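Okay, structure-v2.cif now, which holds mmCIF, C-alpha atoms and all ligand atoms:
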```
data_final
loop_
_atom_site.label_atom_id
_atom_site.label_comp_id
_atom_site.auth_asym_id
_atom_site.auth_seq_id
_atom_site.Cartn_x
_atom_site.Cartn_y
_atom_site.Cartn_z
CA MET A 1 112.31 11.10 72.99
CA ASN A 2 109.12 9.36 74.09
CA ASP A 3 105.71 9.70 72.41
CA ALA A 4 104.27 12.13 74.94
CA ARG A 5 107.24 14.48 74.61
CA GLN A 6 107.05 14.25 70.81
CA GLU A 7 103.36 15.18 70.88
CA LYS A 8 104.02 18.10 73.15
CA LEU A 9 106.83 19.27 70.94
CA THR A 10 104.60 18.95 67.87
CA SER A 11 101.91 21.18 69.38
CA ARG A 12 104.50 23.78 70.30
CA LEU A 13 105.91 23.62 66.77
CA ARG A 14 102.43 24.25 65.37
CA LEU A 15 102.31 27.41 67.45
CA ARG A 16 105.61 28.40 65.84
CA ASP A 17 107.24 28.53 69.25
CA PRO A 18 110.89 29.43 68.58
CA GLY A 19 111.96 27.50 71.68
CA ALA A 20 110.27 24.38 70.35
CA PHE A 21 111.99 24.78 67.03
CA GLU A 22 115.34 25.05 68.73
CA GLN A 23 114.57 21.96 70.78
CA LEU A 24 113.58 20.06 67.64
CA ILE A 25 116.91 20.83 66.01
CA GLU A 26 118.92 20.02 69.12
CA GLU A 27 117.10 16.73 69.44
CA PHE A 28 117.26 15.53 65.85
CA GLN A 29 120.26 17.14 64.24
CA THR A 30 122.74 14.38 65.07
CA PRO A 31 120.78 11.36 63.80
CA ILE A 32 119.42 13.22 60.78
CA PHE A 33 122.79 14.70 59.87
CA ASN A 34 124.36 11.25 60.09
CA LEU A 35 121.66 9.73 57.92
CA LEU A 36 122.18 12.47 55.32
CA TYR A 37 125.96 12.27 55.49
CA ARG A 38 125.99 8.48 55.11
CA MET A 39 123.46 8.70 52.29
CA ILE A 40 125.06 11.53 50.32
CA GLY A 41 128.66 10.98 51.34
CA ASN A 42 129.54 14.64 51.31
CA ARG A 43 129.61 16.77 54.42
CA GLU A 44 128.71 20.08 52.79
CA GLU A 45 125.77 18.64 50.91
CA ALA A 46 124.65 16.93 54.11
CA GLN A 47 124.84 20.21 56.04
CA ASP A 48 122.79 21.99 53.46
CA LEU A 49 120.24 19.19 53.35
CA LEU A 50 120.03 19.15 57.14
CA GLN A 51 118.85 22.76 57.05
CA GLU A 52 116.35 21.98 54.31
CA VAL A 53 114.93 19.10 56.35
CA PHE A 54 114.24 21.38 59.33
CA ILE A 55 112.80 24.08 57.10
CA THR A 56 110.42 21.52 55.63
CA VAL A 57 109.42 20.40 59.11
CA PHE A 58 108.73 24.02 60.05
CA LYS A 59 106.69 24.60 56.89
CA LYS A 60 104.72 21.37 56.94
CA VAL A 61 104.14 20.77 60.62
CA ASP A 62 100.51 21.82 60.21
CA ASP A 63 100.03 19.02 57.68
CA PHE A 64 101.52 16.46 60.06
CA ARG A 65 98.53 14.54 61.33
CA GLY A 66 100.39 12.36 63.78
CA GLU A 67 99.69 9.03 62.03
CA SER A 68 103.32 8.24 62.69
CA SER A 69 105.64 9.57 65.35
CA LEU A 70 107.28 12.93 64.87
CA SER A 71 110.67 11.28 64.53
CA THR A 72 109.44 8.87 61.83
CA TRP A 73 107.96 11.80 59.95
CA ILE A 74 111.24 13.74 60.14
CA TYR A 75 113.19 10.72 58.96
CA ARG A 76 110.80 10.40 56.03
CA ILE A 77 111.32 14.04 55.11
CA ALA A 78 115.07 13.49 55.32
CA THR A 79 115.08 10.41 53.08
CA ASN A 80 112.90 12.21 50.53
CA HIS A 81 115.28 15.16 50.52
CA CYS A 82 118.17 12.74 50.01
CA ILE A 83 116.53 11.09 47.04
CA ASN A 84 115.76 14.43 45.41
CA ARG A 85 119.22 15.83 46.06
CA LYS A 86 120.84 12.68 44.74
CA LYS A 87 118.76 12.93 41.55
CA TYR A 88 119.75 16.56 41.20
CA LEU A 89 123.44 15.81 41.74
CA THR A 90 123.39 12.96 39.26
CA ARG A 91 121.65 15.17 36.70
CA ARG A 92 124.16 17.95 37.28
CA CYS A 93 127.07 15.52 36.90
CA HIS A 94 125.42 14.25 33.75
CA TYR A 95 125.18 17.73 32.24
CA ALA A 96 128.70 18.53 33.31
CA ARG A 97 129.90 15.37 31.62
CA ASP A 98 128.20 16.35 28.35
CA ALA A 99 130.51 19.33 28.23
CA TYR A 100 133.59 17.10 28.01
CA ASP A 101 134.67 15.21 24.93
CA ASP A 102 134.32 11.45 24.81
CA SER A 103 137.82 10.55 25.89
CA GLU A 104 137.65 12.81 28.87
CA SER A 105 134.25 11.64 29.94
CA ALA A 106 135.41 8.04 29.58
CA ALA A 107 138.37 8.84 31.78
CA MET A 108 136.08 10.42 34.32
CA GLY A 109 133.69 7.47 34.44
CA SER A 110 129.93 7.60 34.84
CA ALA A 111 128.14 10.30 36.75
CA ALA A 112 127.36 7.81 39.49
CA ASP A 113 130.98 6.69 39.72
CA ARG A 114 132.11 10.23 40.09
CA PHE A 115 129.52 10.83 42.73
CA HIS A 116 130.93 7.89 44.64
CA ASP A 117 134.47 9.16 44.21
CA ARG A 118 133.47 12.25 46.11
CA ILE A 119 132.39 10.24 49.11
CA PRO A 120 134.03 11.46 52.23
CA GLY A 121 137.24 9.67 51.65
CA PRO A 122 138.87 13.03 51.24
CA ASP A 123 136.98 14.17 54.21
CA GLU A 124 139.19 14.82 57.19
CA LEU A 125 138.16 11.80 59.24
CA ALA A 126 138.92 9.26 56.61
CA GLU A 127 142.69 9.64 56.68
CA GLY A 128 143.34 7.60 59.74
CA HIS A 129 140.19 5.53 59.45
CA GLN A 130 140.73 3.03 56.72
CA MET A 131 137.76 0.87 57.66
CA GLU A 132 135.41 3.81 57.89
CA ARG A 133 136.49 4.90 54.43
CA LEU A 134 136.02 1.40 53.06
CA ILE A 135 132.55 1.15 54.55
CA GLN A 136 131.57 4.52 53.18
CA GLU A 137 132.80 3.56 49.73
CA ALA A 138 131.04 0.23 49.90
CA MET A 139 127.83 1.98 50.93
CA ALA A 140 128.13 4.49 48.14
CA ALA A 141 128.25 1.62 45.68
CA LEU A 142 124.89 0.30 46.90
CA ASP A 143 121.59 1.19 45.29
CA GLU A 144 119.92 3.97 47.15
CA GLU A 145 117.08 1.77 48.37
CA HIS A 146 119.55 -0.72 49.82
CA ARG A 147 121.82 1.93 51.27
CA VAL A 148 119.04 3.69 53.15
CA VAL A 149 117.87 0.47 54.78
CA VAL A 150 121.32 -0.53 56.00
CA ILE A 151 121.94 2.98 57.35
CA LEU A 152 118.62 3.13 59.17
CA ARG A 153 118.96 -0.36 60.59
CA ASP A 154 122.66 -0.92 61.23
CA VAL A 155 124.01 2.60 61.64
CA GLN A 156 121.01 4.31 63.22
CA ASN A 157 119.74 1.24 65.01
CA LEU A 158 116.06 1.82 64.15
CA SER A 159 113.52 -0.99 64.44
CA TYR A 160 112.06 -2.73 61.40
CA GLU A 161 108.69 -1.15 62.20
CA GLU A 162 110.17 2.33 62.16
CA ILE A 163 111.95 1.65 58.88
CA GLU A 164 108.74 0.34 57.31
CA GLU A 165 106.99 3.55 58.30
CA ILE A 166 109.77 5.81 57.16
CA LEU A 167 110.15 4.18 53.76
CA GLN A 168 106.49 3.16 53.53
CA VAL A 169 107.31 -0.33 52.33
CA ALA A 170 106.30 -3.76 53.63
CA ALA A 171 108.26 -5.60 56.31
CA GLY A 172 109.39 -8.26 53.84
CA THR A 173 110.79 -5.59 51.54
CA VAL A 174 112.79 -4.01 54.34
CA LYS A 175 114.26 -7.36 55.32
CA SER A 176 115.14 -8.46 51.82
CA ARG A 177 116.75 -5.08 51.05
CA LEU A 178 118.71 -5.26 54.27
CA HIS A 179 119.89 -8.76 53.39
CA ARG A 180 121.01 -7.68 49.90
CA ALA A 181 122.72 -4.60 51.33
CA ARG A 182 124.63 -6.52 53.99
CA MET A 183 125.68 -9.21 51.52
CA ALA A 184 126.95 -6.57 49.10
CA LEU A 185 128.83 -4.76 51.85
CA LYS A 186 130.32 -8.06 52.98
CA GLU A 187 131.64 -8.70 49.46
CA LYS A 188 133.31 -5.30 49.38
CA LEU A 189 134.71 -5.44 52.90
CA ALA A 190 135.71 -9.11 52.97
CA PRO A 191 139.31 -8.54 51.83
CA ALA A 192 139.81 -5.99 54.61
CA LEU A 193 138.15 -8.18 57.20
CA ARG A 194 140.43 -11.17 56.64
CA MET B 1 121.41 -27.54 52.76
CA GLU B 2 123.03 -25.81 49.78
CA HIS B 3 125.55 -22.99 50.22
CA GLN B 4 123.20 -20.51 48.58
CA GLU B 5 120.32 -21.55 50.75
CA ALA B 6 122.48 -21.18 53.85
CA CYS B 7 123.59 -17.65 52.90
CA GLU B 8 120.00 -16.59 52.31
CA LEU B 9 119.25 -17.31 55.96
CA PHE B 10 121.98 -15.09 57.39
CA THR B 11 119.85 -12.01 58.05
CA ALA B 12 117.03 -13.92 59.69
CA TYR B 13 119.64 -15.85 61.67
CA ALA B 14 121.31 -12.65 62.83
CA ASP B 15 117.88 -11.32 63.89
CA GLY B 16 117.06 -14.57 65.72
CA GLU B 17 114.04 -15.03 63.50
CA LEU B 18 114.67 -18.51 62.11
CA THR B 19 112.41 -21.39 63.01
CA ASP B 20 114.05 -23.99 65.21
CA VAL B 21 114.27 -26.36 62.27
CA ASP B 22 115.92 -23.80 59.97
CA GLN B 23 118.30 -22.69 62.68
CA ALA B 24 119.38 -26.24 63.44
CA GLY B 25 119.80 -26.89 59.71
CA LEU B 26 121.90 -23.76 59.19
CA GLU B 27 124.08 -24.37 62.22
CA ALA B 28 124.70 -27.95 61.11
CA HIS B 29 125.70 -26.68 57.67
CA LEU B 30 128.01 -24.03 59.14
CA ARG B 31 129.75 -26.69 61.22
CA SER B 32 130.39 -28.86 58.22
CA CYS B 33 131.04 -26.25 55.47
CA ASP B 34 134.20 -24.14 55.67
CA ALA B 35 133.13 -21.83 52.84
CA CYS B 36 129.79 -20.93 54.42
CA ARG B 37 131.34 -20.59 57.85
CA GLU B 38 133.80 -18.12 56.40
CA GLU B 39 130.92 -16.30 54.70
CA TRP B 40 128.96 -16.12 57.93
CA GLU B 41 132.00 -14.85 59.77
CA ALA B 42 132.48 -12.11 57.15
CA TYR B 43 128.77 -11.26 57.32
CA ARG B 44 128.89 -10.99 61.10
CA ARG B 45 132.05 -8.87 61.05
CA THR B 46 130.53 -6.59 58.38
CA MET B 47 127.48 -5.96 60.56
CA GLU B 48 129.77 -5.30 63.49
CA GLU B 49 131.89 -2.80 61.58
CA VAL B 50 128.89 -0.96 60.11
CA SER B 51 127.14 -0.76 63.48
CA GLY B 52 130.38 0.49 64.98
CA LEU B 53 130.56 3.57 62.74
CA LEU B 54 130.85 6.57 65.00
CA ALA B 55 128.34 9.37 64.76
CA VAL B 56 129.67 12.36 62.86
CA PRO B 57 129.01 15.57 64.80
CA PRO B 58 126.56 17.89 63.04
CA PRO B 59 127.68 21.42 62.13
CA PRO B 60 127.69 23.69 65.18
CA ASP B 61 125.21 26.48 64.38
CA THR B 62 122.38 24.73 62.58
CA VAL B 63 119.71 26.46 64.68
CA ARG B 64 120.92 29.92 63.71
CA LEU B 65 121.42 29.03 60.05
CA VAL B 66 117.99 27.46 59.73
CA GLU B 67 116.30 30.38 61.45
CA LYS B 68 118.13 32.75 59.14
CA LYS B 69 116.96 30.87 56.05
CA ILE B 70 113.38 30.75 57.34
CA ALA B 71 113.52 34.47 58.12
CA ARG B 72 114.71 35.19 54.58
CA ARG B 73 112.21 32.93 52.86
CA SER B 74 109.29 34.11 55.00
CA ARG B 75 110.37 37.73 54.49
CA GLY B 76 110.85 38.11 58.20
CA ARG B 77 107.43 36.75 59.14
CA PHE B 78 109.15 33.99 61.14
CA PHE B 79 112.44 34.35 62.93
CA ALA B 80 112.95 37.90 61.69
CA GLU B 81 116.68 38.41 61.61
CA THR B 82 116.57 41.35 63.94
CA ARG B 83 113.50 40.31 65.81
CA SER B 84 113.13 43.82 67.29
CA THR B 85 112.81 45.35 63.81
CA GLY B 86 109.66 43.37 63.13
CA MET B 87 108.35 44.38 66.52
CA SER B 88 109.41 48.00 66.31
CA PHE B 89 107.19 48.76 63.33
CA ALA B 90 104.15 47.74 65.34
CA MET B 91 105.58 49.41 68.41
CA VAL B 92 106.28 52.66 66.57
CA SER B 93 102.74 52.72 65.15
CA PHE B 94 101.34 52.05 68.58
CA ILE B 95 103.46 54.75 70.20
CA LEU B 96 102.48 57.27 67.49
CA VAL B 97 98.79 56.56 67.95
CA LEU B 98 99.22 56.82 71.71
CA PHE B 99 101.10 60.08 71.28
CA PHE B 100 98.32 61.61 69.17
CA ILE B 101 95.67 60.51 71.63
CA LEU B 102 97.62 61.92 74.55
CA ALA B 103 98.33 65.12 72.67
CA TYR B 104 94.63 65.51 71.90
CA LEU B 105 93.66 64.85 75.51
CA LEU B 106 96.31 67.23 76.76
CA LEU B 107 95.23 70.02 74.43
CA THR B 108 91.60 69.55 75.41
CA ALA B 109 92.56 69.63 79.08
CA VAL B 110 94.67 72.78 78.62
CA ASN B 111 91.74 74.51 76.87
CA GLU B 112 89.40 73.61 79.72
CA ILE B 113 91.85 74.95 82.32
CA GLN B 114 92.23 78.19 80.38
CA VAL B 115 88.46 78.57 80.24
CA MET B 116 88.26 77.95 84.02
CA GLU B 117 91.02 80.46 84.65
CA VAL B 118 89.32 83.13 82.56
CA GLU B 119 85.82 82.84 84.20
CA PRO B 120 86.61 83.69 87.87
CA SER B 121 89.21 86.28 86.96
CA ASP B 122 87.38 89.33 88.48
CA GLU B 123 87.18 87.94 92.04
CA GLN B 124 90.74 86.66 91.91
CA ALA B 125 92.05 89.97 90.61
CA GLY B 126 90.52 91.71 93.67
CA THR B 127 92.07 89.36 96.21
CA ARG B 128 95.44 89.47 94.54
CA ASP B 129 95.46 93.30 94.67
CA GLU B 130 94.64 93.21 98.38
CA ASN B 131 97.43 90.78 99.08
CA VAL B 132 100.14 92.64 97.35
CA PRO B 133 100.73 95.48 99.81
CA SER B 134 100.55 93.22 102.89
CA ARG B 135 103.81 91.40 101.83
ZN ZN C 201 128.09 -24.14 52.47
#
```
Can you give me the file's structure in the form of C-alpha cells?
Ligand SMILES: [Zn+2]
Amino acid sequence: MNDARQEKLTSRLRLRDPGAFEQLIEEFQTPIFNLLYRMIGNREEAQDLLQEVFITVFKKVDDFRGESSLSTWIYRIATNHCINRKKYLTRRCHYARDAYDDSESAAMGSAADRFHDRIPGPDELAEGHQMERLIQEAMAALDEEHRVVVILRDVQNLSYEEIEEILQVAAGTVKSRLHRARMALKEKLAPALR
Amino acid sequence: MEHQEACELFTAYADGELTDVDQAGLEAHLRSCDACREEWEAYRRTMEEVSGLLAVPPPPDTVRLVEKKIARRSRGRFFAETRSTGMSFAMVSFILVLFFILAYLLLTAVNEIQVMEVEPSDEQAGTRDENVPSR
C-alpha cells in the first residue's frame, strides 16, 4: 500500500468509517498475524493479539500524527502487544510453576523453556514440515529483541529503515541484532542443513 | 583475517555493504579456509530457509470478531452489534415526536373545519331542504 493510499485510509479511519476499518484489517491482517504468530509461537494467542492490535489502532488513530507511515505504526503497536503478552505469559507460567513442588517444577523446566515448548510444533502444519518446526523452535530460543528483528527482516522482508522506525532503535543496533540472530539460528539449524 | 573476524562480516557481506577491501579480504579467506566457508554456507542456507517460511493464513473472520469486541467495549457506540438497534432508538424518538406534531396539527385542522362547518349552516340547511324533493 503506497503512502497516498495509507494517508487516505488514515483519514477515513479517523472518521470511524466502518468500510475503512474493514479495509485496514483486510490489508494488514496477514503480515501482522504472521509477525505475532512467529513472535509468540502459538496460533490462538496470535489470533487474540491480532484482534487487540486492530482495536488499539481503532482507539488510537486520533493520536497517530503521521510521523511514520500507517503500516510502521501498526507494526509498532503489534510488537508492543507482543512484548506485553509475552511478559504476561511468562509471569503466568511463573505463578503456575510456584504451585508445583520442586521436583515437578524442575522436571517442567523454566517458564521460558515451557513457553518455547508450546511453540507451534504441535500446531497442525508442523507435522510434515520438519524444517519449519526447527526454525520456529530456533526462533523461540532467541531473545525477544533478536527474534523480532529477524522476523521483520528475513520473514517479513521489511527494510532496515522500516525496522528502525518500528523498533525505534538505531540502524547499527538493528544490524548487530540481526547478525546475532542469524548466527544463533545458524547454530541451531546447522545439523539439519548439512 | 581471523575466523572470528570473517564471521562478523557475514551480515554486511550478505547485504552487499562491505567495502571493496573488506569484501576482497573475506572472499580470499573463504577460499582458503574450509571452516569459514562451511560457516558461510550454513549462514546463507539459514537465511534462505528463514526467508522461505510460508505465510500462515490469518483466521477467517477477524473483521467480524474485532467489530464485535469494539461494539462490546464501546457499549455499542461503535459497530453496534445490531446496528439497527442503535439507530432505532433515535428513529423511534424521531417518529414519536413527528407523530405528536402531526397529531397536534391534525386536531387543530379538524377543529378549524368544524368551526367552518358550523358557521354557514343556516344557508346550507336551506339549500339542502330544497334539493331533497327534486331527487
Ligand atoms: Zn576461517
Can you check which residues of chain B have any atom within 9 Å of chain A? Use all atoms listed in the file and format it as JSON, numbers by chain. {"B": [7, 8, 9, 10, 11, 12, 39, 42, 43, 44, 45, 46, 47, 48, 49, 50, 51, 52, 53, 54, 55, 56, 57, 58, 59, 62, 63, 64, 65, 66, 67, 69, 70, 78, 79]}
Please identify all protein, DNA and RNA residues within 6 Å of ligand ZN 201 (chain C), counting all atoms listed in the file, and report them as JSON, numbers by chain. {"B": [2, 3, 33, 35, 36]}
Would you save the residues from that selection as a CSV table (one decimal), in the frame of the given file, using C-alpha atoms?
```csv
chain,number,residue,atom,x,y,z
B,2,GLU,CA,123.0,-25.8,49.8
B,3,HIS,CA,125.6,-23.0,50.2
B,33,CYS,CA,131.0,-26.2,55.5
B,35,ALA,CA,133.1,-21.8,52.8
B,36,CYS,CA,129.8,-20.9,54.4
```
Would you list the contacts of stretch 172-174 of chain A as a ChimeraX atom specification, taking every protein, DNA or RNA residue within 8 Å and counting all atoms listed in the file, but skipping same-chain residues closer than 5 positions in sequence? /A:149,160,163-164
Measuring atom to atom with all atoms listed in the file, identify which of A:Met39, A:Leu158, A:Ile166, A:Ile83 is nearest to A:Ser68. A:Ile166
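What separates atom CA of B:Arg31 from atom CA of B:Glu5 is a distance of 15.0 Å.
A straight line drawn from atom CA of A:His81 to atom CA of A:Ile40 is 10.4 Å long.
Atom pair atom CA of B:Glu27 / atom CA of A:His146: separated by 27.1 Å.
With all atoms listed in the file as the atoms that count, the minimum distance from A:Asp62 to the choices A:Arg85, A:His129, A:Arg14, A:Arg177 is reached by A:Arg14.
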Quick one: everything within 9 Å of A:Ser71, counting all atoms listed in the file, minus sequence neighbours fewer than 5 positions away in the same chain. Send it as an MDAnalysis selection string. chainID A and resid 1 6 28 76
Would you kindly place all heavy atoms on stretch 157-168 of chain A and return the model as a PDB file, keeping the file's coordinate frame?
```
ATOM      1  N   ASN A 157     120.330   2.131  64.026  1.00  0.00           N
ATOM      2  CA  ASN A 157     119.740   1.240  65.010  1.00  0.00           C
ATOM      3  C   ASN A 157     118.212   1.370  65.148  1.00  0.00           C
ATOM      4  O   ASN A 157     117.672   1.183  66.240  1.00  0.00           O
ATOM      5  CB  ASN A 157     120.368   1.525  66.369  1.00  0.00           C
ATOM      6  CG  ASN A 157     120.765   0.245  67.049  1.00  0.00           C
ATOM      7  OD1 ASN A 157     120.436  -0.841  66.550  1.00  0.00           O
ATOM      8  ND2 ASN A 157     121.459   0.343  68.155  1.00  0.00           N
ATOM      9  N   LEU A 158     117.527   1.711  64.075  1.00  0.00           N
ATOM     10  CA  LEU A 158     116.060   1.820  64.150  1.00  0.00           C
ATOM     11  C   LEU A 158     115.446   0.426  64.032  1.00  0.00           C
ATOM     12  O   LEU A 158     116.060  -0.498  63.498  1.00  0.00           O
ATOM     13  CB  LEU A 158     115.533   2.708  63.009  1.00  0.00           C
ATOM     14  CG  LEU A 158     116.000   4.167  62.987  1.00  0.00           C
ATOM     15  CD1 LEU A 158     115.220   4.956  61.944  1.00  0.00           C
ATOM     16  CD2 LEU A 158     115.824   4.833  64.351  1.00  0.00           C
ATOM     17  N   SER A 159     114.205   0.310  64.513  1.00  0.00           N
ATOM     18  CA  SER A 159     113.520  -0.990  64.440  1.00  0.00           C
ATOM     19  C   SER A 159     112.973  -1.198  63.023  1.00  0.00           C
ATOM     20  O   SER A 159     112.830  -0.240  62.259  1.00  0.00           O
ATOM     21  CB  SER A 159     112.363  -1.014  65.440  1.00  0.00           C
ATOM     22  OG  SER A 159     111.347  -0.136  64.996  1.00  0.00           O
ATOM     23  N   TYR A 160     112.659  -2.444  62.713  1.00  0.00           N
ATOM     24  CA  TYR A 160     112.060  -2.730  61.400  1.00  0.00           C
ATOM     25  C   TYR A 160     110.761  -1.944  61.214  1.00  0.00           C
ATOM     26  O   TYR A 160     110.482  -1.444  60.131  1.00  0.00           O
ATOM     27  CB  TYR A 160     111.777  -4.227  61.263  1.00  0.00           C
ATOM     28  CG  TYR A 160     113.017  -5.062  60.973  1.00  0.00           C
ATOM     29  CD1 TYR A 160     113.403  -6.097  61.823  1.00  0.00           C
ATOM     30  CD2 TYR A 160     113.789  -4.815  59.838  1.00  0.00           C
ATOM     31  CE1 TYR A 160     114.534  -6.854  61.556  1.00  0.00           C
ATOM     32  CE2 TYR A 160     114.926  -5.572  59.576  1.00  0.00           C
ATOM     33  CZ  TYR A 160     115.299  -6.599  60.435  1.00  0.00           C
ATOM     34  OH  TYR A 160     116.407  -7.340  60.176  1.00  0.00           O
ATOM     35  N   GLU A 161     109.975  -1.860  62.295  1.00  0.00           N
ATOM     36  CA  GLU A 161     108.690  -1.150  62.200  1.00  0.00           C
ATOM     37  C   GLU A 161     108.912   0.313  61.828  1.00  0.00           C
ATOM     38  O   GLU A 161     108.196   0.864  60.986  1.00  0.00           O
ATOM     39  CB  GLU A 161     107.915  -1.229  63.526  1.00  0.00           C
ATOM     40  CG  GLU A 161     107.385  -2.599  63.899  1.00  0.00           C
ATOM     41  CD  GLU A 161     108.477  -3.562  64.377  1.00  0.00           C
ATOM     42  OE1 GLU A 161     109.558  -3.095  64.810  1.00  0.00           O
ATOM     43  OE2 GLU A 161     108.257  -4.791  64.284  1.00  0.00           O
ATOM     44  N   GLU A 162     109.893   0.924  62.470  1.00  0.00           N
ATOM     45  CA  GLU A 162     110.170   2.330  62.160  1.00  0.00           C
ATOM     46  C   GLU A 162     110.610   2.478  60.704  1.00  0.00           C
ATOM     47  O   GLU A 162     110.182   3.405  60.008  1.00  0.00           O
ATOM     48  CB  GLU A 162     111.265   2.880  63.095  1.00  0.00           C
ATOM     49  CG  GLU A 162     110.788   3.121  64.514  1.00  0.00           C
ATOM     50  CD  GLU A 162     111.935   3.448  65.472  1.00  0.00           C
ATOM     51  OE1 GLU A 162     112.905   2.660  65.556  1.00  0.00           O
ATOM     52  OE2 GLU A 162     111.860   4.481  66.147  1.00  0.00           O
ATOM     53  N   ILE A 163     111.449   1.566  60.258  1.00  0.00           N
ATOM     54  CA  ILE A 163     111.950   1.650  58.880  1.00  0.00           C
ATOM     55  C   ILE A 163     110.813   1.465  57.871  1.00  0.00           C
ATOM     56  O   ILE A 163     110.740   2.177  56.869  1.00  0.00           O
ATOM     57  CB  ILE A 163     113.085   0.627  58.653  1.00  0.00           C
ATOM     58  CG1 ILE A 163     114.231   0.908  59.625  1.00  0.00           C
ATOM     59  CG2 ILE A 163     113.583   0.669  57.209  1.00  0.00           C
ATOM     60  CD1 ILE A 163     115.321  -0.143  59.646  1.00  0.00           C
ATOM     61  N   GLU A 164     109.903   0.530  58.182  1.00  0.00           N
ATOM     62  CA  GLU A 164     108.740   0.340  57.310  1.00  0.00           C
ATOM     63  C   GLU A 164     107.961   1.643  57.174  1.00  0.00           C
ATOM     64  O   GLU A 164     107.537   2.023  56.086  1.00  0.00           O
ATOM     65  CB  GLU A 164     107.779  -0.714  57.895  1.00  0.00           C
ATOM     66  CG  GLU A 164     108.272  -2.132  57.798  1.00  0.00           C
ATOM     67  CD  GLU A 164     107.535  -3.043  58.788  1.00  0.00           C
ATOM     68  OE1 GLU A 164     106.334  -2.812  59.051  1.00  0.00           O
ATOM     69  OE2 GLU A 164     108.174  -3.975  59.307  1.00  0.00           O
ATOM     70  N   GLU A 165     107.769   2.309  58.320  1.00  0.00           N
ATOM     71  CA  GLU A 165     106.990   3.550  58.300  1.00  0.00           C
ATOM     72  C   GLU A 165     107.718   4.670  57.573  1.00  0.00           C
ATOM     73  O   GLU A 165     107.102   5.445  56.840  1.00  0.00           O
ATOM     74  CB  GLU A 165     106.685   4.006  59.731  1.00  0.00           C
ATOM     75  CG  GLU A 165     105.475   3.330  60.329  1.00  0.00           C
ATOM     76  CD  GLU A 165     105.050   4.006  61.619  1.00  0.00           C
ATOM     77  OE1 GLU A 165     105.030   5.251  61.648  1.00  0.00           O
ATOM     78  OE2 GLU A 165     104.753   3.292  62.589  1.00  0.00           O
ATOM     79  N   ILE A 166     109.014   4.742  57.799  1.00  0.00           N
ATOM     80  CA  ILE A 166     109.770   5.810  57.160  1.00  0.00           C
ATOM     81  C   ILE A 166     109.754   5.643  55.646  1.00  0.00           C
ATOM     82  O   ILE A 166     109.509   6.585  54.901  1.00  0.00           O
ATOM     83  CB  ILE A 166     111.228   5.831  57.673  1.00  0.00           C
ATOM     84  CG1 ILE A 166     111.256   6.250  59.138  1.00  0.00           C
ATOM     85  CG2 ILE A 166     112.110   6.754  56.829  1.00  0.00           C
ATOM     86  CD1 ILE A 166     112.583   5.957  59.843  1.00  0.00           C
ATOM     87  N   LEU A 167     110.022   4.419  55.214  1.00  0.00           N
ATOM     88  CA  LEU A 167     110.150   4.180  53.760  1.00  0.00           C
ATOM     89  C   LEU A 167     108.809   3.818  53.134  1.00  0.00           C
ATOM     90  O   LEU A 167     108.698   3.753  51.909  1.00  0.00           O
ATOM     91  CB  LEU A 167     111.161   3.067  53.507  1.00  0.00           C
ATOM     92  CG  LEU A 167     112.573   3.312  54.060  1.00  0.00           C
ATOM     93  CD1 LEU A 167     113.466   2.111  53.781  1.00  0.00           C
ATOM     94  CD2 LEU A 167     113.192   4.566  53.439  1.00  0.00           C
ATOM     95  N   GLN A 168     107.822   3.550  53.977  1.00  0.00           N
ATOM     96  CA  GLN A 168     106.490   3.160  53.530  1.00  0.00           C
ATOM     97  C   GLN A 168     106.557   1.962  52.589  1.00  0.00           C
ATOM     98  O   GLN A 168     106.023   1.996  51.461  1.00  0.00           O
ATOM     99  CB  GLN A 168     105.782   4.359  52.898  1.00  0.00           C
ATOM    100  CG  GLN A 168     105.707   5.508  53.926  1.00  0.00           C
ATOM    101  CD  GLN A 168     104.764   6.607  53.549  1.00  0.00           C
ATOM    102  OE1 GLN A 168     105.033   7.336  52.603  1.00  0.00           O
ATOM    103  NE2 GLN A 168     103.678   6.748  54.271  1.00  0.00           N
TER     104      GLN A 168
END
```
